[in-house]
Every structure is written in structure tokens, then in C-alpha cells.
Amino acid sequence: MFPFASHGKHGYSLDYCHNLLAEVGRLANQYGHRLTTHPGQFTQLGSPKPEVVKSSIRELEYHCEMLDRMGIGIDGVMIIHGGGIYGDKVATIERIKKTITEHLPQNVRSRLVLENDELCYNAEDLLSICEELDIPLVFDYHHDTLNPSSISPSAIIQRANAVFARRGIRPKQHL
């Protein structure tokens, strides 16, 4: 919505549109619309490059700030994919977990949701991270068809919804 807002050198504050964002959020809340964001494919919490992780965190902070300025409650989540595997999926999963637990600000972490993808991380890969860190999982049925888990979609959704319930967040799935 705001090109380059999270850019390390050319980024900018959303102060200039605070009132407009507040009005958008007021209308969304008034009419019962759920607003969520899906930061782009360059949001890579497991990258081996520190500068990529820092950029990813800035991107999530920007999305979180936007939702906060709109006054969107806890159902306003930010959905990201696991990202690349960088030649070592196990090591990358550990970097993802470390970034989430050690580097994400709490307000960002409270809105973070992971989603399975069609190439690198199936729902089963991410479900273990989500259950361990209490991060919700958005199950994407289309992605699961292309990159299936050994667990049935109904079992994945049941386990994913349990995390949403623990967190008090309305479940969200891509079916």
C-alpha cells in the first residue's frame, strides 16, 4: 500500500496519513470487515543474510504499524510464507524460529501468522514451528495440493485452529 515505506534508506513514516488510516480502520470495524496483510515474498525470516532478515523485520514492522494506526484488533494478522530453504531446510527453520523469538518486537510477533507454500514449506513443516512458538498457521489448500503434507488437511486445520483459539484470534484459512 505504501511503496518503499520499509526501505532501509528511503523509507518514511506513516504519520502523514494517520487520520486516513484511522478512518479506514473505523469503517472496516463498523462494517465488520476483517483486514489482514500478506507481506511479499521478499520477507524472509530464515535468510542466512542478516541484511535480508533486517529488511524483513522492517517490512513486518511497517505492516504492523499500518494495522495499528487503523485500530484493527488481534484478528488483523500478517501472513507470511516460510520463504527459501537456502540449501539446508533444518538450519533455515532454526533461523526462522530464532528470528521470531529473539528479534521480532512483541507487537509484530502478536500479529504474525505463517502460511504453507507450494515449493519449500508444506503445512506440516510449519505446523511444528507454529505449535512450538504459538504462532498461528494459515492452511492454504491450493498450496497443499501442490506441496502436500503427510497429515490430512482436516487434521492440519484442527491443529492450526487450536493455536488460533489459544491466542484468541479468529481462525483464517485459504481454501
# chains A, B, ... in the order shown; residues from 1 in each chain; ligands from 1
$ closest_atom_pairs --of "region 53-121 of chain A" --to "region 145-162 of chain A" --cutoff "10 Å" --atoms "only C-alpha atoms" --output "CSV"
residue,atom,partner,partner_atom,distance
A:Asn116,CA,A:Asn147,CA,8.6
A:Asp117,CA,A:Asn147,CA,7.1
A:Glu118,CA,A:Asn147,CA,4.9
A:Leu119,CA,A:Asn147,CA,6.3
A:Cys120,CA,A:Asn147,CA,7.9
A:Tyr121,CA,A:Asn147,CA,7.7
$ residues_around --residues "Leu133 (chain A)" --least-positions-apart "6" --cutoff "12 Å" --atoms "only C-alpha atoms" --output "ChimeraX atom specification"
/A:94,96-102,109-110,112-114,126-127,163,166-167
$ write_last_selection --atoms "N, CA, C and O atoms" --output "compact mmCIF listing (two decimals), in the first residue's frame"
# COMPACT_ATOMS: atom_id res chain seq x y z
N GLU A 94 15.52 -23.35 11.95
CA GLU A 94 16.08 -22.86 13.22
C GLU A 94 16.30 -21.34 13.17
O GLU A 94 16.07 -20.64 14.16
N ILE A 96 14.52 -19.24 11.32
CA ILE A 96 13.17 -18.66 11.40
C ILE A 96 12.74 -18.56 12.86
O ILE A 96 12.27 -17.51 13.32
N LYS A 97 12.91 -19.66 13.58
CA LYS A 97 12.50 -19.67 14.99
C LYS A 97 13.29 -18.64 15.80
O LYS A 97 12.73 -17.93 16.65
N LYS A 98 14.59 -18.54 15.55
CA LYS A 98 15.42 -17.59 16.28
C LYS A 98 15.00 -16.15 15.96
O LYS A 98 14.92 -15.31 16.87
N THR A 99 14.73 -15.87 14.71
CA THR A 99 14.30 -14.52 14.34
C THR A 99 12.99 -14.18 15.04
O THR A 99 12.84 -13.08 15.59
N ILE A 100 12.05 -15.12 15.04
CA ILE A 100 10.75 -14.86 15.67
C ILE A 100 10.92 -14.64 17.17
O ILE A 100 10.38 -13.69 17.73
N THR A 101 11.68 -15.49 17.83
CA THR A 101 11.76 -15.43 19.29
C THR A 101 12.73 -14.37 19.80
O THR A 101 12.50 -13.81 20.88
N GLU A 102 13.79 -14.07 19.05
CA GLU A 102 14.82 -13.17 19.56
C GLU A 102 14.85 -11.78 18.93
O GLU A 102 15.44 -10.87 19.51
N ARG A 109 5.23 -9.78 16.54
CA ARG A 109 5.05 -11.22 16.77
C ARG A 109 3.58 -11.54 17.06
O ARG A 109 3.08 -12.58 16.65
N SER A 110 2.88 -10.63 17.73
CA SER A 110 1.49 -10.91 18.08
C SER A 110 0.57 -10.92 16.87
O SER A 110 -0.51 -11.50 16.92
N LEU A 112 1.85 -11.97 13.75
CA LEU A 112 2.48 -12.85 12.76
C LEU A 112 1.73 -14.18 12.63
O LEU A 112 1.36 -14.81 13.61
N VAL A 113 1.54 -14.58 11.38
CA VAL A 113 0.93 -15.87 11.04
C VAL A 113 1.76 -16.45 9.89
O VAL A 113 2.17 -15.73 8.99
N LEU A 114 2.01 -17.74 9.93
CA LEU A 114 2.74 -18.41 8.85
C LEU A 114 1.75 -19.13 7.94
O LEU A 114 0.69 -19.55 8.38
N LEU A 126 5.61 -26.25 8.73
CA LEU A 126 5.37 -25.03 9.50
C LEU A 126 4.56 -25.29 10.77
O LEU A 126 4.71 -24.56 11.75
N LEU A 127 3.72 -26.31 10.75
CA LEU A 127 2.88 -26.59 11.91
C LEU A 127 3.71 -26.85 13.16
O LEU A 127 3.36 -26.39 14.25
N VAL A 163 -4.22 -23.38 17.75
CA VAL A 163 -3.29 -22.28 18.03
C VAL A 163 -4.04 -20.96 17.97
O VAL A 163 -3.89 -20.10 18.85
N ARG A 166 -6.03 -20.65 21.18
CA ARG A 166 -5.19 -20.29 22.34
C ARG A 166 -4.85 -18.82 22.36
O ARG A 166 -4.73 -18.20 23.40
N ARG A 167 -4.68 -18.26 21.18
CA ARG A 167 -4.29 -16.85 21.06
C ARG A 167 -5.50 -15.91 21.06
O ARG A 167 -5.33 -14.70 21.09
$ atom_distance --atom1 "CA of Ile85 (chain A)" --atom2 "CA of Leu45 (chain A)"
10.8 Å
$ closest_residue --among "A:Pro136, A:Gly25, A:Pro3, A:Gly168" --to "Arg69 (chain A)" --atoms "only C-alpha atoms"
A:Gly25
$ select_by_dssp --residues "region 73-164 of chain A" --states "helix (DSSP H, G or I)" --output "PDB file with N, CA, C and O atoms, in the first residue's frame"
ATOM      1  N   LYS A  89      17.201 -26.975   4.884  1.00  0.00           N
ATOM      2  CA  LYS A  89      15.889 -26.662   5.447  1.00  0.00           C
ATOM      3  C   LYS A  89      15.890 -26.672   6.974  1.00  0.00           C
ATOM      4  O   LYS A  89      15.298 -25.787   7.611  1.00  0.00           O
ATOM      5  N   VAL A  90      16.557 -27.631   7.567  1.00  0.00           N
ATOM      6  CA  VAL A  90      16.586 -27.740   9.031  1.00  0.00           C
ATOM      7  C   VAL A  90      17.237 -26.499   9.648  1.00  0.00           C
ATOM      8  O   VAL A  90      16.717 -25.910  10.600  1.00  0.00           O
ATOM      9  N   ALA A  91      18.369 -26.083   9.095  1.00  0.00           N
ATOM     10  CA  ALA A  91      19.060 -24.891   9.604  1.00  0.00           C
ATOM     11  C   ALA A  91      18.214 -23.637   9.384  1.00  0.00           C
ATOM     12  O   ALA A  91      18.180 -22.746  10.245  1.00  0.00           O
ATOM     13  N   THR A  92      17.522 -23.578   8.248  1.00  0.00           N
ATOM     14  CA  THR A  92      16.682 -22.419   7.964  1.00  0.00           C
ATOM     15  C   THR A  92      15.512 -22.342   8.940  1.00  0.00           C
ATOM     16  O   THR A  92      15.173 -21.259   9.425  1.00  0.00           O
ATOM     17  N   ILE A  93      14.907 -23.470   9.252  1.00  0.00           N
ATOM     18  CA  ILE A  93      13.814 -23.487  10.234  1.00  0.00           C
ATOM     19  C   ILE A  93      14.320 -22.974  11.581  1.00  0.00           C
ATOM     20  O   ILE A  93      13.633 -22.199  12.261  1.00  0.00           O
ATOM     21  N   GLU A  94      15.521 -23.355  11.950  1.00  0.00           N
ATOM     22  CA  GLU A  94      16.083 -22.857  13.218  1.00  0.00           C
ATOM     23  C   GLU A  94      16.298 -21.340  13.169  1.00  0.00           C
ATOM     24  O   GLU A  94      16.072 -20.644  14.157  1.00  0.00           O
ATOM     25  N   ARG A  95      16.722 -20.819  12.006  1.00  0.00           N
ATOM     26  CA  ARG A  95      16.889 -19.364  11.870  1.00  0.00           C
ATOM     27  C   ARG A  95      15.540 -18.653  11.942  1.00  0.00           C
ATOM     28  O   ARG A  95      15.426 -17.577  12.551  1.00  0.00           O
ATOM     29  N   ILE A  96      14.517 -19.236  11.322  1.00  0.00           N
ATOM     30  CA  ILE A  96      13.169 -18.656  11.398  1.00  0.00           C
ATOM     31  C   ILE A  96      12.738 -18.559  12.858  1.00  0.00           C
ATOM     32  O   ILE A  96      12.272 -17.512  13.320  1.00  0.00           O
ATOM     33  N   LYS A  97      12.906 -19.656  13.580  1.00  0.00           N
ATOM     34  CA  LYS A  97      12.496 -19.667  14.994  1.00  0.00           C
ATOM     35  C   LYS A  97      13.291 -18.643  15.803  1.00  0.00           C
ATOM     36  O   LYS A  97      12.726 -17.931  16.647  1.00  0.00           O
ATOM     37  N   LYS A  98      14.586 -18.544  15.547  1.00  0.00           N
ATOM     38  CA  LYS A  98      15.421 -17.593  16.277  1.00  0.00           C
ATOM     39  C   LYS A  98      15.002 -16.150  15.964  1.00  0.00           C
ATOM     40  O   LYS A  98      14.923 -15.314  16.871  1.00  0.00           O
ATOM     41  N   THR A  99      14.733 -15.865  14.714  1.00  0.00           N
ATOM     42  CA  THR A  99      14.295 -14.523  14.342  1.00  0.00           C
ATOM     43  C   THR A  99      12.988 -14.178  15.043  1.00  0.00           C
ATOM     44  O   THR A  99      12.839 -13.082  15.595  1.00  0.00           O
ATOM     45  N   ILE A 100      12.049 -15.117  15.041  1.00  0.00           N
ATOM     46  CA  ILE A 100      10.754 -14.860  15.674  1.00  0.00           C
ATOM     47  C   ILE A 100      10.924 -14.641  17.171  1.00  0.00           C
ATOM     48  O   ILE A 100      10.377 -13.686  17.731  1.00  0.00           O
ATOM     49  N   THR A 101      11.680 -15.491  17.828  1.00  0.00           N
ATOM     50  CA  THR A 101      11.764 -15.430  19.292  1.00  0.00           C
ATOM     51  C   THR A 101      12.726 -14.367  19.805  1.00  0.00           C
ATOM     52  O   THR A 101      12.505 -13.815  20.881  1.00  0.00           O
ATOM     53  N   GLU A 102      13.788 -14.069  19.046  1.00  0.00           N
ATOM     54  CA  GLU A 102      14.816 -13.168  19.560  1.00  0.00           C
ATOM     55  C   GLU A 102      14.848 -11.782  18.926  1.00  0.00           C
ATOM     56  O   GLU A 102      15.438 -10.869  19.505  1.00  0.00           O
ATOM     57  N   HIS A 103      14.231 -11.631  17.755  1.00  0.00           N
ATOM     58  CA  HIS A 103      14.398 -10.361  17.048  1.00  0.00           C
ATOM     59  C   HIS A 103      13.098  -9.625  16.726  1.00  0.00           C
ATOM     60  O   HIS A 103      13.137  -8.413  16.519  1.00  0.00           O
ATOM     61  N   GLN A 106       7.458  -7.561  20.112  1.00  0.00           N
ATOM     62  CA  GLN A 106       6.275  -8.286  20.565  1.00  0.00           C
ATOM     63  C   GLN A 106       5.025  -7.899  19.776  1.00  0.00           C
ATOM     64  O   GLN A 106       4.207  -8.758  19.451  1.00  0.00           O
ATOM     65  N   ASN A 107       4.860  -6.610  19.451  1.00  0.00           N
ATOM     66  CA  ASN A 107       3.663  -6.214  18.701  1.00  0.00           C
ATOM     67  C   ASN A 107       3.637  -6.849  17.311  1.00  0.00           C
ATOM     68  O   ASN A 107       2.565  -7.190  16.805  1.00  0.00           O
ATOM     69  N   VAL A 108       4.801  -7.041  16.712  1.00  0.00           N
ATOM     70  CA  VAL A 108       4.884  -7.696  15.409  1.00  0.00           C
ATOM     71  C   VAL A 108       4.612  -9.191  15.564  1.00  0.00           C
ATOM     72  O   VAL A 108       3.826  -9.767  14.816  1.00  0.00           O
ATOM     73  N   ARG A 109       5.232  -9.783  16.536  1.00  0.00           N
ATOM     74  CA  ARG A 109       5.047 -11.221  16.771  1.00  0.00           C
ATOM     75  C   ARG A 109       3.580 -11.544  17.059  1.00  0.00           C
ATOM     76  O   ARG A 109       3.075 -12.582  16.650  1.00  0.00           O
ATOM     77  N   ALA A 123       2.483 -27.531   4.947  1.00  0.00           N
ATOM     78  CA  ALA A 123       1.829 -27.189   6.216  1.00  0.00           C
ATOM     79  C   ALA A 123       2.435 -27.951   7.390  1.00  0.00           C
ATOM     80  O   ALA A 123       2.578 -27.410   8.490  1.00  0.00           O
ATOM     81  N   GLU A 124       2.820 -29.176   7.157  1.00  0.00           N
ATOM     82  CA  GLU A 124       3.423 -29.992   8.215  1.00  0.00           C
ATOM     83  C   GLU A 124       4.753 -29.402   8.684  1.00  0.00           C
ATOM     84  O   GLU A 124       5.045 -29.380   9.883  1.00  0.00           O
ATOM     85  N   ASP A 125       5.549 -28.887   7.746  1.00  0.00           N
ATOM     86  CA  ASP A 125       6.827 -28.244   8.104  1.00  0.00           C
ATOM     87  C   ASP A 125       6.594 -27.071   9.051  1.00  0.00           C
ATOM     88  O   ASP A 125       7.320 -26.894  10.028  1.00  0.00           O
ATOM     89  N   LEU A 126       5.606 -26.251   8.727  1.00  0.00           N
ATOM     90  CA  LEU A 126       5.366 -25.035   9.502  1.00  0.00           C
ATOM     91  C   LEU A 126       4.559 -25.288  10.767  1.00  0.00           C
ATOM     92  O   LEU A 126       4.707 -24.559  11.753  1.00  0.00           O
ATOM     93  N   LEU A 127       3.721 -26.315  10.751  1.00  0.00           N
ATOM     94  CA  LEU A 127       2.876 -26.590  11.909  1.00  0.00           C
ATOM     95  C   LEU A 127       3.706 -26.846  13.159  1.00  0.00           C
ATOM     96  O   LEU A 127       3.356 -26.386  14.250  1.00  0.00           O
ATOM     97  N   SER A 128       4.833 -27.517  13.008  1.00  0.00           N
ATOM     98  CA  SER A 128       5.679 -27.770  14.180  1.00  0.00           C
ATOM     99  C   SER A 128       6.240 -26.462  14.742  1.00  0.00           C
ATOM    100  O   SER A 128       6.301 -26.278  15.959  1.00  0.00           O
ATOM    101  N   ILE A 129       6.630 -25.532  13.874  1.00  0.00           N
ATOM    102  CA  ILE A 129       7.100 -24.214  14.311  1.00  0.00           C
ATOM    103  C   ILE A 129       5.958 -23.476  15.010  1.00  0.00           C
ATOM    104  O   ILE A 129       6.132 -22.908  16.093  1.00  0.00           O
ATOM    105  N   CYS A 130       4.805 -23.501  14.371  1.00  0.00           N
ATOM    106  CA  CYS A 130       3.646 -22.765  14.887  1.00  0.00           C
ATOM    107  C   CYS A 130       3.222 -23.278  16.256  1.00  0.00           C
ATOM    108  O   CYS A 130       2.936 -22.480  17.159  1.00  0.00           O
ATOM    109  N   GLU A 131       3.185 -24.579  16.414  1.00  0.00           N
ATOM    110  CA  GLU A 131       2.786 -25.136  17.707  1.00  0.00           C
ATOM    111  C   GLU A 131       3.843 -24.857  18.777  1.00  0.00           C
ATOM    112  O   GLU A 131       3.506 -24.531  19.914  1.00  0.00           O
ATOM    113  N   GLU A 132       5.105 -24.944  18.408  1.00  0.00           N
ATOM    114  CA  GLU A 132       6.179 -24.692  19.368  1.00  0.00           C
ATOM    115  C   GLU A 132       6.207 -23.234  19.832  1.00  0.00           C
ATOM    116  O   GLU A 132       6.388 -22.956  21.016  1.00  0.00           O
ATOM    117  N   LEU A 133       6.022 -22.308  18.885  1.00  0.00           N
ATOM    118  CA  LEU A 133       6.152 -20.881  19.202  1.00  0.00           C
ATOM    119  C   LEU A 133       4.809 -20.182  19.429  1.00  0.00           C
ATOM    120  O   LEU A 133       4.777 -18.975  19.674  1.00  0.00           O
ATOM    121  N   TYR A 141      -5.065 -24.563   1.064  1.00  0.00           N
ATOM    122  CA  TYR A 141      -5.414 -25.839   0.441  1.00  0.00           C
ATOM    123  C   TYR A 141      -4.763 -25.989  -0.936  1.00  0.00           C
ATOM    124  O   TYR A 141      -4.254 -27.061  -1.279  1.00  0.00           O
ATOM    125  N   HIS A 142      -4.751 -24.921  -1.733  1.00  0.00           N
ATOM    126  CA  HIS A 142      -4.129 -24.975  -3.068  1.00  0.00           C
ATOM    127  C   HIS A 142      -2.647 -25.301  -2.947  1.00  0.00           C
ATOM    128  O   HIS A 142      -2.123 -26.173  -3.653  1.00  0.00           O
ATOM    129  N   HIS A 143      -1.959 -24.619  -2.032  1.00  0.00           N
ATOM    130  CA  HIS A 143      -0.536 -24.899  -1.845  1.00  0.00           C
ATOM    131  C   HIS A 143      -0.326 -26.324  -1.349  1.00  0.00           C
ATOM    132  O   HIS A 143       0.643 -26.985  -1.742  1.00  0.00           O
ATOM    133  N   ASP A 144      -1.223 -26.802  -0.511  1.00  0.00           N
ATOM    134  CA  ASP A 144      -1.107 -28.172  -0.001  1.00  0.00           C
ATOM    135  C   ASP A 144      -1.294 -29.193  -1.116  1.00  0.00           C
ATOM    136  O   ASP A 144      -0.685 -30.262  -1.091  1.00  0.00           O
ATOM    137  N   THR A 145      -2.114 -28.878  -2.088  1.00  0.00           N
ATOM    138  CA  THR A 145      -2.302 -29.778  -3.234  1.00  0.00           C
ATOM    139  C   THR A 145      -1.003 -29.907  -4.023  1.00  0.00           C
ATOM    140  O   THR A 145      -0.656 -30.993  -4.494  1.00  0.00           O
ATOM    141  N   LEU A 146      -0.254 -28.813  -4.133  1.00  0.00           N
ATOM    142  CA  LEU A 146       0.996 -28.812  -4.889  1.00  0.00           C
ATOM    143  C   LEU A 146       2.195 -29.287  -4.071  1.00  0.00           C
ATOM    144  O   LEU A 146       3.154 -29.818  -4.634  1.00  0.00           O
ATOM    145  N   PRO A 153      -5.577 -32.612   5.436  1.00  0.00           N
ATOM    146  CA  PRO A 153      -5.966 -31.209   5.601  1.00  0.00           C
ATOM    147  C   PRO A 153      -6.868 -30.987   6.820  1.00  0.00           C
ATOM    148  O   PRO A 153      -6.691 -29.990   7.533  1.00  0.00           O
ATOM    149  N   SER A 154      -7.792 -31.892   7.079  1.00  0.00           N
ATOM    150  CA  SER A 154      -8.685 -31.691   8.227  1.00  0.00           C
ATOM    151  C   SER A 154      -7.912 -31.728   9.543  1.00  0.00           C
ATOM    152  O   SER A 154      -8.193 -30.944  10.460  1.00  0.00           O
ATOM    153  N   ALA A 155      -6.920 -32.597   9.652  1.00  0.00           N
ATOM    154  CA  ALA A 155      -6.106 -32.664  10.874  1.00  0.00           C
ATOM    155  C   ALA A 155      -5.241 -31.414  11.010  1.00  0.00           C
ATOM    156  O   ALA A 155      -5.075 -30.882  12.116  1.00  0.00           O
ATOM    157  N   ILE A 156      -4.698 -30.934   9.891  1.00  0.00           N
ATOM    158  CA  ILE A 156      -3.886 -29.710   9.919  1.00  0.00           C
ATOM    159  C   ILE A 156      -4.744 -28.533  10.373  1.00  0.00           C
ATOM    160  O   ILE A 156      -4.342 -27.758  11.246  1.00  0.00           O
ATOM    161  N   ILE A 157      -5.928 -28.394   9.782  1.00  0.00           N
ATOM    162  CA  ILE A 157      -6.809 -27.278  10.139  1.00  0.00           C
ATOM    163  C   ILE A 157      -7.207 -27.359  11.614  1.00  0.00           C
ATOM    164  O   ILE A 157      -7.222 -26.343  12.315  1.00  0.00           O
ATOM    165  N   GLN A 158      -7.493 -28.559  12.088  1.00  0.00           N
ATOM    166  CA  GLN A 158      -7.858 -28.715  13.503  1.00  0.00           C
ATOM    167  C   GLN A 158      -6.712 -28.259  14.410  1.00  0.00           C
ATOM    168  O   GLN A 158      -6.920 -27.520  15.373  1.00  0.00           O
ATOM    169  N   ARG A 159      -5.497 -28.682  14.106  1.00  0.00           N
ATOM    170  CA  ARG A 159      -4.339 -28.289  14.924  1.00  0.00           C
ATOM    171  C   ARG A 159      -4.041 -26.792  14.768  1.00  0.00           C
ATOM    172  O   ARG A 159      -3.711 -26.116  15.746  1.00  0.00           O
ATOM    173  N   ALA A 160      -4.160 -26.282  13.556  1.00  0.00           N
ATOM    174  CA  ALA A 160      -3.932 -24.852  13.322  1.00  0.00           C
ATOM    175  C   ALA A 160      -4.966 -24.016  14.077  1.00  0.00           C
ATOM    176  O   ALA A 160      -4.622 -23.012  14.708  1.00  0.00           O
ATOM    177  N   ASN A 161      -6.216 -24.446  14.035  1.00  0.00           N
ATOM    178  CA  ASN A 161      -7.268 -23.705  14.726  1.00  0.00           C
ATOM    179  C   ASN A 161      -7.072 -23.715  16.238  1.00  0.00           C
ATOM    180  O   ASN A 161      -7.481 -22.774  16.924  1.00  0.00           O
ATOM    181  N   ALA A 162      -6.432 -24.750  16.765  1.00  0.00           N
ATOM    182  CA  ALA A 162      -6.153 -24.807  18.205  1.00  0.00           C
ATOM    183  C   ALA A 162      -5.192 -23.687  18.604  1.00  0.00           C
ATOM    184  O   ALA A 162      -5.338 -23.085  19.675  1.00  0.00           O
ATOM    185  N   VAL A 163      -4.215 -23.385  17.747  1.00  0.00           N
ATOM    186  CA  VAL A 163      -3.291 -22.283  18.033  1.00  0.00           C
ATOM    187  C   VAL A 163      -4.042 -20.960  17.969  1.00  0.00           C
ATOM    188  O   VAL A 163      -3.887 -20.103  18.853  1.00  0.00           O
ATOM    189  N   PHE A 164      -4.871 -20.778  16.935  1.00  0.00           N
ATOM    190  CA  PHE A 164      -5.678 -19.560  16.850  1.00  0.00           C
ATOM    191  C   PHE A 164      -6.521 -19.401  18.121  1.00  0.00           C
ATOM    192  O   PHE A 164      -6.600 -18.308  18.686  1.00  0.00           O
TER     193      PHE A 164
END
$ closest_residue --among "A:Asn122, A:Gln173, A:Thr36, A:Ser13" --to "Gly73 (chain A)" --atoms "only C-alpha atoms"
A:Thr36
$ atom_distance --atom1 "CA of His81 (chain A)" --atom2 "CA of Asp134 (chain A)"
16.0 Å
$ select_by_dssp --residues "region 34-166 of chain A" --states "strand (DSSP E)" --output "compact mmCIF listing (two decimals) with C-alpha atoms, in the first residue's frame"
# COMPACT_ATOMS: atom_id res chain seq x y z
CA MET A 78 0.14 -10.51 8.90
CA ILE A 79 0.56 -13.69 6.87
CA ILE A 80 3.96 -14.72 5.52
CA HIS A 81 5.35 -17.85 3.92
CA LEU A 112 2.48 -12.85 12.76
CA VAL A 113 0.93 -15.87 11.04
CA LEU A 114 2.74 -18.41 8.85
CA GLU A 115 1.32 -19.99 5.69
CA LEU A 137 -0.84 -21.22 10.75
CA VAL A 138 -2.98 -20.27 7.78
$ closest_residue --among "A:Met66, A:Leu35, A:Ile57, A:Val77" --to "His18 (chain A)" --atoms "only C-alpha atoms"
A:Met66
$ atom_distance --atom1 "CA of Pro105 (chain A)" --atom2 "CA of Pro39 (chain A)"
16.5 Å
$ closest_residue --among "A:Gly46, A:Leu21, A:Glu59, A:Gly82" --to "His7 (chain A)" --atoms "only C-alpha atoms"
A:Glu59
$ residues_around --residues "Phe4 (chain A)" --least-positions-apart "2" --cutoff "12 Å" --atoms "only C-alpha atoms" --output "ChimeraX atom specification"
/A:1-2,6-14,55,58-59,62-63
